[in-house]
file data29.cif (mmCIF, C-alpha atoms; chains and numbers go by the auth columns)
data_run
loop_
_atom_site.group_PDB
_atom_site.id
_atom_site.type_symbol
_atom_site.label_atom_id
_atom_site.label_comp_id
_atom_site.label_asym_id
_atom_site.label_seq_id
_atom_site.Cartn_x
_atom_site.Cartn_y
_atom_site.Cartn_z
_atom_site.B_iso_or_equiv
_atom_site.auth_seq_id
_atom_site.auth_asym_id
ATOM 1 C CA MET A 1 -60.101 21.933 148.646 0.00 1 A
ATOM 2 C CA THR A 2 -62.814 21.918 146.008 0.00 2 A
ATOM 3 C CA LEU A 3 -66.480 22.486 146.735 0.00 3 A
ATOM 4 C CA ALA A 4 -67.423 18.976 145.607 0.00 4 A
ATOM 5 C CA VAL A 5 -64.894 17.390 147.989 0.00 5 A
ATOM 6 C CA ARG A 6 -66.159 19.523 150.862 0.00 6 A
ATOM 7 C CA LEU A 7 -69.735 18.486 150.259 0.00 7 A
ATOM 8 C CA VAL A 8 -68.778 14.815 150.035 0.00 8 A
ATOM 9 C CA LEU A 9 -66.786 15.025 153.258 0.00 9 A
ATOM 10 C CA ALA A 10 -69.658 16.798 154.972 0.00 10 A
ATOM 11 C CA VAL A 11 -72.114 14.076 153.990 0.00 11 A
ATOM 12 C CA VAL A 12 -69.725 11.297 154.997 0.00 12 A
ATOM 13 C CA LEU A 13 -68.914 12.875 158.341 0.00 13 A
ATOM 14 C CA THR A 14 -72.593 13.492 159.033 0.00 14 A
ATOM 15 C CA ALA A 15 -73.423 9.874 158.241 0.00 15 A
ATOM 16 C CA VAL A 16 -70.581 8.574 160.410 0.00 16 A
ATOM 17 C CA PHE A 17 -71.623 10.862 163.227 0.00 17 A
ATOM 18 C CA SER A 18 -75.256 9.767 162.941 0.00 18 A
ATOM 19 C CA VAL A 19 -74.399 6.060 162.973 0.00 19 A
ATOM 20 C CA THR A 20 -71.995 6.480 165.875 0.00 20 A
ATOM 21 C CA VAL A 21 -74.436 8.450 168.001 0.00 21 A
ATOM 22 C CA THR A 22 -77.316 6.116 167.172 0.00 22 A
ATOM 23 C CA GLY A 23 -75.315 3.025 168.034 0.00 23 A
ATOM 24 C CA TYR A 24 -73.928 4.512 171.219 0.00 24 A
ATOM 25 C CA LEU A 25 -77.272 5.680 172.557 0.00 25 A
ATOM 26 C CA SER A 26 -78.968 2.448 171.549 0.00 26 A
ATOM 27 C CA MET A 27 -76.334 0.368 173.336 0.00 27 A
ATOM 28 C CA GLN A 28 -76.476 2.561 176.396 0.00 28 A
ATOM 29 C CA ALA A 29 -80.256 2.323 176.516 0.00 29 A
ATOM 30 C CA ALA A 30 -80.388 -1.423 175.865 0.00 30 A
ATOM 31 C CA SER A 31 -77.585 -2.681 178.105 0.00 31 A
ATOM 32 C CA GLU A 32 -79.328 -2.603 181.492 0.00 32 A
ATOM 33 C CA PRO A 33 -82.823 -3.659 180.251 0.00 33 A
ATOM 34 C CA VAL A 34 -81.306 -6.686 178.494 0.00 34 A
ATOM 35 C CA ALA A 35 -79.460 -7.614 181.661 0.00 35 A
ATOM 36 C CA ARG A 36 -82.634 -7.299 183.728 0.00 36 A
ATOM 37 C CA ALA A 37 -84.725 -9.299 181.238 0.00 37 A
ATOM 38 C CA PHE A 38 -82.399 -12.238 180.676 0.00 38 A
ATOM 39 C CA GLY A 39 -80.298 -12.380 183.826 0.00 39 A
ATOM 40 C CA MET A 40 -77.046 -11.279 182.154 0.00 40 A
ATOM 41 C CA PRO A 41 -74.405 -9.100 183.862 0.00 41 A
ATOM 42 C CA ASP A 42 -75.092 -5.392 183.506 0.00 42 A
ATOM 43 C CA ALA A 43 -72.605 -2.634 182.739 0.00 43 A
ATOM 44 C CA ARG A 44 -71.230 -2.847 186.302 0.00 44 A
ATOM 45 C CA GLY A 45 -70.675 -6.620 186.004 0.00 45 A
ATOM 46 C CA GLN A 46 -73.446 -7.456 188.464 0.00 46 A
ATOM 47 C CA ARG A 47 -76.177 -9.999 187.911 0.00 47 A
ATOM 48 C CA PRO A 48 -79.824 -9.639 188.891 0.00 48 A
ATOM 49 C CA GLY A 49 -81.320 -11.785 191.623 0.00 49 A
ATOM 50 C CA ALA A 50 -80.672 -15.486 191.556 0.00 50 A
ATOM 51 C CA THR A 51 -84.349 -16.403 191.345 0.00 51 A
ATOM 52 C CA ALA A 52 -85.602 -17.075 187.865 0.00 52 A
ATOM 53 C CA ARG A 53 -87.842 -14.435 186.417 0.00 53 A
ATOM 54 C CA PRO A 54 -91.231 -15.589 185.213 0.00 54 A
ATOM 55 C CA MET A 55 -92.024 -15.378 181.497 0.00 55 A
ATOM 56 C CA ALA A 56 -94.481 -12.559 182.097 0.00 56 A
ATOM 57 C CA GLY A 57 -91.704 -10.475 183.602 0.00 57 A
ATOM 58 C CA ALA A 58 -89.450 -11.235 180.656 0.00 58 A
ATOM 59 C CA ALA A 59 -92.151 -10.145 178.197 0.00 59 A
ATOM 60 C CA ALA A 60 -92.693 -6.910 180.085 0.00 60 A
ATOM 61 C CA ALA A 61 -88.949 -6.270 180.116 0.00 61 A
ATOM 62 C CA SER A 62 -88.801 -6.903 176.376 0.00 62 A
ATOM 63 C CA ARG A 63 -91.572 -4.407 175.719 0.00 63 A
ATOM 64 C CA GLN A 64 -89.771 -1.885 177.900 0.00 64 A
ATOM 65 C CA LEU A 65 -86.569 -2.567 175.987 0.00 65 A
ATOM 66 C CA LEU A 66 -88.262 -1.920 172.660 0.00 66 A
ATOM 67 C CA SER A 67 -89.768 1.294 173.961 0.00 67 A
ATOM 68 C CA GLU A 68 -86.440 2.545 175.245 0.00 68 A
ATOM 69 C CA LEU A 69 -84.747 1.599 171.964 0.00 69 A
ATOM 70 C CA ARG A 70 -87.335 3.565 169.988 0.00 70 A
ATOM 71 C CA THR A 71 -86.855 6.544 172.252 0.00 71 A
ATOM 72 C CA ALA A 72 -83.076 6.348 171.866 0.00 72 A
ATOM 73 C CA THR A 73 -83.400 6.041 168.091 0.00 73 A
ATOM 74 C CA TRP A 74 -85.611 9.136 167.823 0.00 74 A
ATOM 75 C CA ARG A 75 -83.220 11.008 170.094 0.00 75 A
ATOM 76 C CA ALA A 76 -80.243 10.038 167.941 0.00 76 A
ATOM 77 C CA ALA A 77 -82.129 10.969 164.779 0.00 77 A
ATOM 78 C CA ALA A 78 -82.939 14.389 166.194 0.00 78 A
ATOM 79 C CA ILE A 79 -79.307 14.963 167.160 0.00 79 A
ATOM 80 C CA ALA A 80 -78.087 13.801 163.735 0.00 80 A
ATOM 81 C CA LEU A 81 -80.617 16.029 161.984 0.00 81 A
ATOM 82 C CA ALA A 82 -79.538 19.040 164.016 0.00 82 A
ATOM 83 C CA ALA A 83 -75.879 18.320 163.336 0.00 83 A
ATOM 84 C CA ALA A 84 -76.520 17.878 159.610 0.00 84 A
ATOM 85 C CA ALA A 85 -78.500 21.133 159.494 0.00 85 A
ATOM 86 C CA VAL A 86 -75.738 23.053 161.255 0.00 86 A
ATOM 87 C CA ALA A 87 -72.963 21.553 159.117 0.00 87 A
ATOM 88 C CA GLY A 88 -74.933 21.999 155.901 0.00 88 A
ATOM 89 C CA GLY A 89 -75.811 25.588 156.752 0.00 89 A
ATOM 90 C CA TRP A 90 -72.210 26.421 157.554 0.00 90 A
ATOM 91 C CA ILE A 91 -70.908 24.827 154.351 0.00 91 A
ATOM 92 C CA ALA A 92 -73.624 26.456 152.245 0.00 92 A
ATOM 93 C CA SER A 93 -72.867 29.833 153.787 0.00 93 A
ATOM 94 C CA ARG A 94 -69.147 29.479 153.163 0.00 94 A
ATOM 95 C CA ALA A 95 -69.796 28.347 149.583 0.00 95 A
ATOM 96 C CA SER A 96 -72.459 30.897 148.687 0.00 96 A
ATOM 97 C CA ARG A 97 -70.845 34.011 150.164 0.00 97 A
ATOM 98 C CA PRO A 98 -68.099 34.260 147.472 0.00 98 A
ATOM 99 C CA LEU A 99 -70.716 33.617 144.786 0.00 99 A
ATOM 100 C CA GLU A 100 -72.889 36.420 146.157 0.00 100 A
ATOM 101 C CA ARG A 101 -69.910 38.793 146.106 0.00 101 A
ATOM 102 C CA LEU A 102 -69.126 37.774 142.532 0.00 102 A
ATOM 103 C CA ALA A 103 -72.763 38.322 141.524 0.00 103 A
ATOM 104 C CA ASP A 104 -72.676 41.787 143.118 0.00 104 A
ATOM 105 C CA VAL A 105 -69.489 42.673 141.214 0.00 105 A
ATOM 106 C CA THR A 106 -71.096 41.444 137.993 0.00 106 A
ATOM 107 C CA ARG A 107 -74.168 43.609 138.582 0.00 107 A
ATOM 108 C CA ARG A 108 -72.008 46.667 139.256 0.00 108 A
ATOM 109 C CA TYR A 109 -69.961 45.988 136.131 0.00 109 A
ATOM 110 C CA GLY A 110 -73.129 45.663 134.084 0.00 110 A
ATOM 111 C CA ALA A 111 -74.390 48.958 135.547 0.00 111 A
ATOM 112 C CA GLY A 112 -71.341 50.786 134.158 0.00 112 A
ATOM 113 C CA ALA A 113 -68.646 50.396 136.832 0.00 113 A
ATOM 114 C CA ARG A 114 -65.959 49.178 134.427 0.00 114 A
ATOM 115 C CA ASP A 115 -63.310 49.181 137.143 0.00 115 A
ATOM 116 C CA ALA A 116 -65.227 46.646 139.282 0.00 116 A
ATOM 117 C CA ARG A 117 -63.195 43.503 139.926 0.00 117 A
ATOM 118 C CA ALA A 118 -63.907 40.347 141.920 0.00 118 A
ATOM 119 C CA ALA A 119 -61.814 39.299 144.920 0.00 119 A
ATOM 120 C CA PRO A 120 -60.751 35.648 144.388 0.00 120 A
ATOM 121 C CA SER A 121 -61.754 33.806 147.566 0.00 121 A
ATOM 122 C CA GLY A 122 -63.592 30.663 148.601 0.00 122 A
ATOM 123 C CA PRO A 123 -63.445 27.212 146.969 0.00 123 A
ATOM 124 C CA SER A 124 -61.118 26.671 144.037 0.00 124 A
ATOM 125 C CA GLU A 125 -64.008 26.689 141.527 0.00 125 A
ATOM 126 C CA VAL A 126 -65.192 30.095 142.755 0.00 126 A
ATOM 127 C CA VAL A 127 -61.616 31.440 142.723 0.00 127 A
ATOM 128 C CA ALA A 128 -61.211 30.264 139.109 0.00 128 A
ATOM 129 C CA LEU A 129 -64.539 31.873 138.191 0.00 129 A
ATOM 130 C CA ALA A 130 -63.548 35.183 139.828 0.00 130 A
ATOM 131 C CA ARG A 131 -60.203 35.216 138.016 0.00 131 A
ATOM 132 C CA ALA A 132 -61.905 34.443 134.710 0.00 132 A
ATOM 133 C CA PHE A 133 -64.285 37.352 135.309 0.00 133 A
ATOM 134 C CA ASN A 134 -61.371 39.687 136.074 0.00 134 A
ATOM 135 C CA ASP A 135 -59.518 38.585 132.931 0.00 135 A
ATOM 136 C CA LEU A 136 -62.642 39.140 130.843 0.00 136 A
ATOM 137 C CA ALA A 137 -63.193 42.578 132.379 0.00 137 A
ATOM 138 C CA ASP A 138 -59.551 43.535 131.700 0.00 138 A
ATOM 139 C CA ARG A 139 -59.814 42.444 128.067 0.00 139 A
ATOM 140 C CA LEU A 140 -63.075 44.305 127.580 0.00 140 A
ATOM 141 C CA GLN A 141 -61.585 47.431 129.135 0.00 141 A
ATOM 142 C CA GLU A 142 -58.565 47.188 126.839 0.00 142 A
ATOM 143 C CA GLU A 143 -60.793 46.677 123.788 0.00 143 A
ATOM 144 C CA GLU A 144 -62.910 49.637 124.813 0.00 144 A
ATOM 145 C CA GLY A 145 -59.792 51.798 125.056 0.00 145 A
ATOM 146 C CA GLN A 146 -58.676 50.639 121.604 0.00 146 A
ATOM 147 C CA ARG A 147 -62.123 51.414 120.215 0.00 147 A
ATOM 148 C CA ARG A 148 -62.009 54.920 121.644 0.00 148 A
ATOM 149 C CA ARG A 149 -58.564 55.544 120.188 0.00 149 A
ATOM 150 C CA PHE A 150 -59.741 54.185 116.846 0.00 150 A
ATOM 151 C CA THR A 151 -62.772 56.469 116.874 0.00 151 A
ATOM 152 C CA SER A 152 -60.544 59.421 117.666 0.00 152 A
ATOM 153 C CA ASP A 153 -58.144 58.513 114.828 0.00 153 A
ATOM 154 C CA VAL A 154 -61.005 58.095 112.350 0.00 154 A
ATOM 155 C CA ALA A 155 -62.450 61.456 113.332 0.00 155 A
ATOM 156 C CA HIS A 156 -59.048 63.052 112.802 0.00 156 A
ATOM 157 C CA GLU A 157 -58.583 61.400 109.397 0.00 157 A
ATOM 158 C CA LEU A 158 -62.044 62.505 108.251 0.00 158 A
ATOM 159 C CA ARG A 159 -61.655 66.016 109.607 0.00 159 A
ATOM 160 C CA THR A 160 -58.665 66.870 107.378 0.00 160 A
ATOM 161 C CA PRO A 161 -60.246 66.363 103.916 0.00 161 A
ATOM 162 C CA LEU A 162 -63.558 67.793 105.110 0.00 162 A
ATOM 163 C CA THR A 163 -61.764 70.925 106.327 0.00 163 A
ATOM 164 C CA VAL A 164 -59.975 71.285 102.985 0.00 164 A
ATOM 165 C CA LEU A 165 -63.204 70.825 101.033 0.00 165 A
ATOM 166 C CA LYS A 166 -65.090 73.270 103.198 0.00 166 A
ATOM 167 C CA SER A 167 -62.417 75.973 103.026 0.00 167 A
ATOM 168 C CA GLU A 168 -61.938 75.722 99.258 0.00 168 A
ATOM 169 C CA LEU A 169 -65.673 75.624 98.531 0.00 169 A
ATOM 170 C CA GLU A 170 -66.170 78.681 100.732 0.00 170 A
ATOM 171 C CA ALA A 171 -63.322 80.408 98.892 0.00 171 A
ATOM 172 C CA ILE A 172 -64.975 79.645 95.547 0.00 172 A
ATOM 173 C CA GLU A 173 -68.318 80.858 96.869 0.00 173 A
ATOM 174 C CA ASP A 174 -66.766 84.115 98.111 0.00 174 A
ATOM 175 C CA GLY A 175 -64.976 84.630 94.776 0.00 175 A
ATOM 176 C CA LEU A 176 -61.519 84.225 96.243 0.00 176 A
ATOM 177 C CA MET A 177 -60.851 81.183 94.058 0.00 177 A
ATOM 178 C CA GLU A 178 -61.994 80.190 90.632 0.00 178 A
ATOM 179 C CA ALA A 179 -63.504 76.768 89.874 0.00 179 A
ATOM 180 C CA ASP A 180 -60.847 76.054 87.301 0.00 180 A
ATOM 181 C CA PRO A 181 -59.867 72.484 86.370 0.00 181 A
ATOM 182 C CA ALA A 182 -56.966 72.501 88.817 0.00 182 A
ATOM 183 C CA THR A 183 -59.196 73.493 91.744 0.00 183 A
ATOM 184 C CA VAL A 184 -61.856 70.975 90.764 0.00 184 A
ATOM 185 C CA ALA A 185 -59.191 68.252 90.508 0.00 185 A
ATOM 186 C CA GLN A 186 -57.974 69.149 94.005 0.00 186 A
ATOM 187 C CA LEU A 187 -61.507 68.962 95.353 0.00 187 A
ATOM 188 C CA LEU A 188 -62.040 65.596 93.670 0.00 188 A
ATOM 189 C CA GLN A 189 -58.833 64.368 95.239 0.00 189 A
ATOM 190 C CA GLN A 190 -60.197 65.176 98.693 0.00 190 A
ATOM 191 C CA VAL A 191 -63.490 63.486 97.804 0.00 191 A
ATOM 192 C CA ASP A 192 -61.585 60.374 96.700 0.00 192 A
ATOM 193 C CA LEU A 193 -59.725 60.418 100.004 0.00 193 A
ATOM 194 C CA LEU A 194 -63.008 60.523 101.900 0.00 194 A
ATOM 195 C CA ALA A 195 -64.362 57.695 99.758 0.00 195 A
ATOM 196 C CA ARG A 196 -61.315 55.548 100.523 0.00 196 A
ATOM 197 C CA LEU A 197 -61.660 56.205 104.243 0.00 197 A
ATOM 198 C CA VAL A 198 -65.334 55.277 104.176 0.00 198 A
ATOM 199 C CA GLN A 199 -64.540 52.126 102.201 0.00 199 A
ATOM 200 C CA ASP A 200 -61.828 51.212 104.713 0.00 200 A
ATOM 201 C CA LEU A 201 -64.321 51.630 107.566 0.00 201 A
ATOM 202 C CA ARG A 202 -66.813 49.447 105.731 0.00 202 A
ATOM 203 C CA THR A 203 -64.156 46.797 105.151 0.00 203 A
ATOM 204 C CA LEU A 204 -63.178 46.887 108.814 0.00 204 A
ATOM 205 C CA ALA A 205 -66.808 46.523 109.896 0.00 205 A
ATOM 206 C CA SER A 206 -67.247 43.551 107.566 0.00 206 A
ATOM 207 C CA ALA A 207 -64.112 41.915 108.950 0.00 207 A
ATOM 208 C CA GLU A 208 -65.231 42.364 112.557 0.00 208 A
ATOM 209 C CA SER A 209 -68.688 40.940 111.835 0.00 209 A
ATOM 210 C CA GLY A 210 -67.244 37.903 110.055 0.00 210 A
ATOM 211 C CA GLU A 211 -68.859 38.734 106.708 0.00 211 A
ATOM 212 C CA MET A 212 -65.566 39.126 104.849 0.00 212 A
ATOM 213 C CA GLU A 213 -64.105 36.197 102.950 0.00 213 A
ATOM 214 C CA LEU A 214 -60.439 36.233 102.013 0.00 214 A
ATOM 215 C CA GLU A 215 -59.605 35.436 98.386 0.00 215 A
ATOM 216 C CA ARG A 216 -55.966 34.747 97.593 0.00 216 A
ATOM 217 C CA ALA A 217 -54.603 36.102 94.314 0.00 217 A
ATOM 218 C CA SER A 218 -51.303 37.103 92.717 0.00 218 A
ATOM 219 C CA PHE A 219 -50.338 40.745 93.094 0.00 219 A
ATOM 220 C CA ASP A 220 -47.762 42.905 91.335 0.00 220 A
ATOM 221 C CA LEU A 221 -45.745 44.460 94.144 0.00 221 A
ATOM 222 C CA GLY A 222 -43.561 46.311 91.654 0.00 222 A
ATOM 223 C CA GLY A 223 -46.576 48.140 90.237 0.00 223 A
ATOM 224 C CA LEU A 224 -47.729 49.036 93.740 0.00 224 A
ATOM 225 C CA VAL A 225 -44.315 50.473 94.638 0.00 225 A
ATOM 226 C CA ALA A 226 -44.222 52.438 91.389 0.00 226 A
ATOM 227 C CA SER A 227 -47.665 53.919 91.962 0.00 227 A
ATOM 228 C CA ALA A 228 -46.759 54.811 95.536 0.00 228 A
#

call {"tool": "encode", "arguments": {"input": "data29.cif", "output": "C-alpha cells"}}
result
Amino acid sequence: MTLAVRLVLAVVLTAVFSVTVTGYLSMQAASEPVARAFGMPDARGQRPGATARPMAGAAAASRQLLSELRTATWRAAAIALAAAAVAGGWIASRASRPLERLADVTRRYGAGARDARAAPSGPSEVVALARAFNDLADRLQEEEGQRRRFTSDVAHELRTPLTVLKSELEAIEDGLMEADPATVAQLLQQVDLLARLVQDLRTLASAESGEMELERASFDLGGLVASA
C-alpha cells in the first residue's frame, strides 16, 4: 500500500471515528435531559411524572441540555484529537523510519563507504527509492572499477615507450650507443607513440565531456589495411 493511500485512509478513519464518537456521546448526553424537559420517554421507555412541567422548568432543562451537549462535544473533540495524534504519530513513524535509514546509508556512501546499500522496506515509494539508490551505487562502483582498470592500462602503455627512451638515451649518454640516424629514428618512433597515446587520451576526455562532435566522411579502408 502506498504512502499516499495510507495517509488518506488515516484521515478518513480519523474523521469517521470523530463523527461517530461525537454523535454517540451527544446522543447519550441529550437523551435523558430531552425526556425530562419535554415529557418524552427516556432510554428505559419510562415517562416523567404526569403533571405538566411549568415553562420555567422547561427553560432550565433546556439550559442544562445545552450545557451537557457542550461538555459532551468537548469530550468527543478531546478523544478525537488524541486518537488523531496517536494514529498520525504511528503512521509518521512508520513512514519516516525507512527514509531515515536511507538517509543514513546515503551519508555513509558519501563518506566513502562504497559498499553501503539500502534495505528496501516500508511504503512502495520508499522501496522504489531504496532500489534506485542501490542500482545507482552498483553502477557507480562498476564505473569506478572500469576507471581504475583504464588508469592501470594507460600507465602500462605509457611505461613501455618511456622505458625504451630512457634506456636508449642513457646508453647514448654512457657511450654504449651512437646517436646515428637509425637510433634517432627509433627514438622518434617512441616519441610518436607517446604523442599518439596522449592524443588518444585527449580525444577520450573530449568525448566524455561532450565536447566532441562527430563528422561523417568517406574513408579508404584499403589504404588503412595497406598501411597496417

call {"tool": "residues_around", "arguments": {"input": "data29.cif", "residues": "Ala113 (chain A)", "least_positions_apart": "5", "cutoff": "12 Å", "atoms": "only C-alpha atoms", "output": "PDB file with C-alpha atoms, keeping the file's coordinate frame"}}
result
ATOM      1  CA  ASP A 104     -72.676  41.787 143.118  1.00  0.00           C
ATOM      2  CA  VAL A 105     -69.489  42.673 141.214  1.00  0.00           C
ATOM      3  CA  THR A 106     -71.096  41.444 137.993  1.00  0.00           C
ATOM      4  CA  ARG A 107     -74.168  43.609 138.582  1.00  0.00           C
ATOM      5  CA  ARG A 108     -72.008  46.667 139.256  1.00  0.00           C
ATOM      6  CA  ALA A 137     -63.193  42.578 132.379  1.00  0.00           C
ATOM      7  CA  GLN A 141     -61.585  47.431 129.135  1.00  0.00           C
TER       8      GLN A 141
END

call {"tool": "atom_distance", "arguments": {"input": "data29.cif", "atom1": "CA of Leu69 (chain A)", "atom2": "CA of Leu13 (chain A)"}}
result
23.7 Å

call {"tool": "axis_aligned_box", "arguments": {"input": "data29.cif", "around": "region 108-112 of chain A", "padding_each_side": "5 Å", "output": "lines of an AutoDock Vina configuration file"}}
result
center_x = -72.2
center_y = 48.2
center_z = 136.7
size_x = 14.4
size_y = 15.1
size_z = 15.2

call {"tool": "atom_distance", "arguments": {"input": "data29.cif", "atom1": "CA of Val191 (chain A)", "atom2": "CA of Glu178 (chain A)"}}
result
18.2 Å

call {"tool": "atom_distance", "arguments": {"input": "data29.cif", "atom1": "CA of Thr22 (chain A)", "atom2": "CA of Val86 (chain A)"}}
result
18.0 Å

call {"tool": "resolve_selection", "arguments": {"input": "data29.cif", "expression": "the PyMOL selection byres ((chain A and resi 118-125) around 8)", "output": "NGL selection string"}}
result
:A and (1-3 or 94-95 or 98 or 101-102 or 105 or 116-117 or 126-131 or 133-134)

call {"tool": "closest_residue", "arguments": {"input": "data29.cif", "among": "A:Leu169, A:Val198, A:Leu187, A:Ala228", "to": "Ala155 (chain A)", "atoms": "only C-alpha atoms"}}
result
A:Val198

call {"tool": "closest_residue", "arguments": {"input": "data29.cif", "among": "A:Ser18, A:Leu165, A:Ala10, A:Ala217", "to": "Gly89 (chain A)", "atoms": "only C-alpha atoms"}}
result
A:Ala10

call {"tool": "resolve_selection", "arguments": {"input": "data29.cif", "expression": "the PyMOL selection byres ((chain A and resi 76) around 8)", "output": "count of residues only"}}
result
12
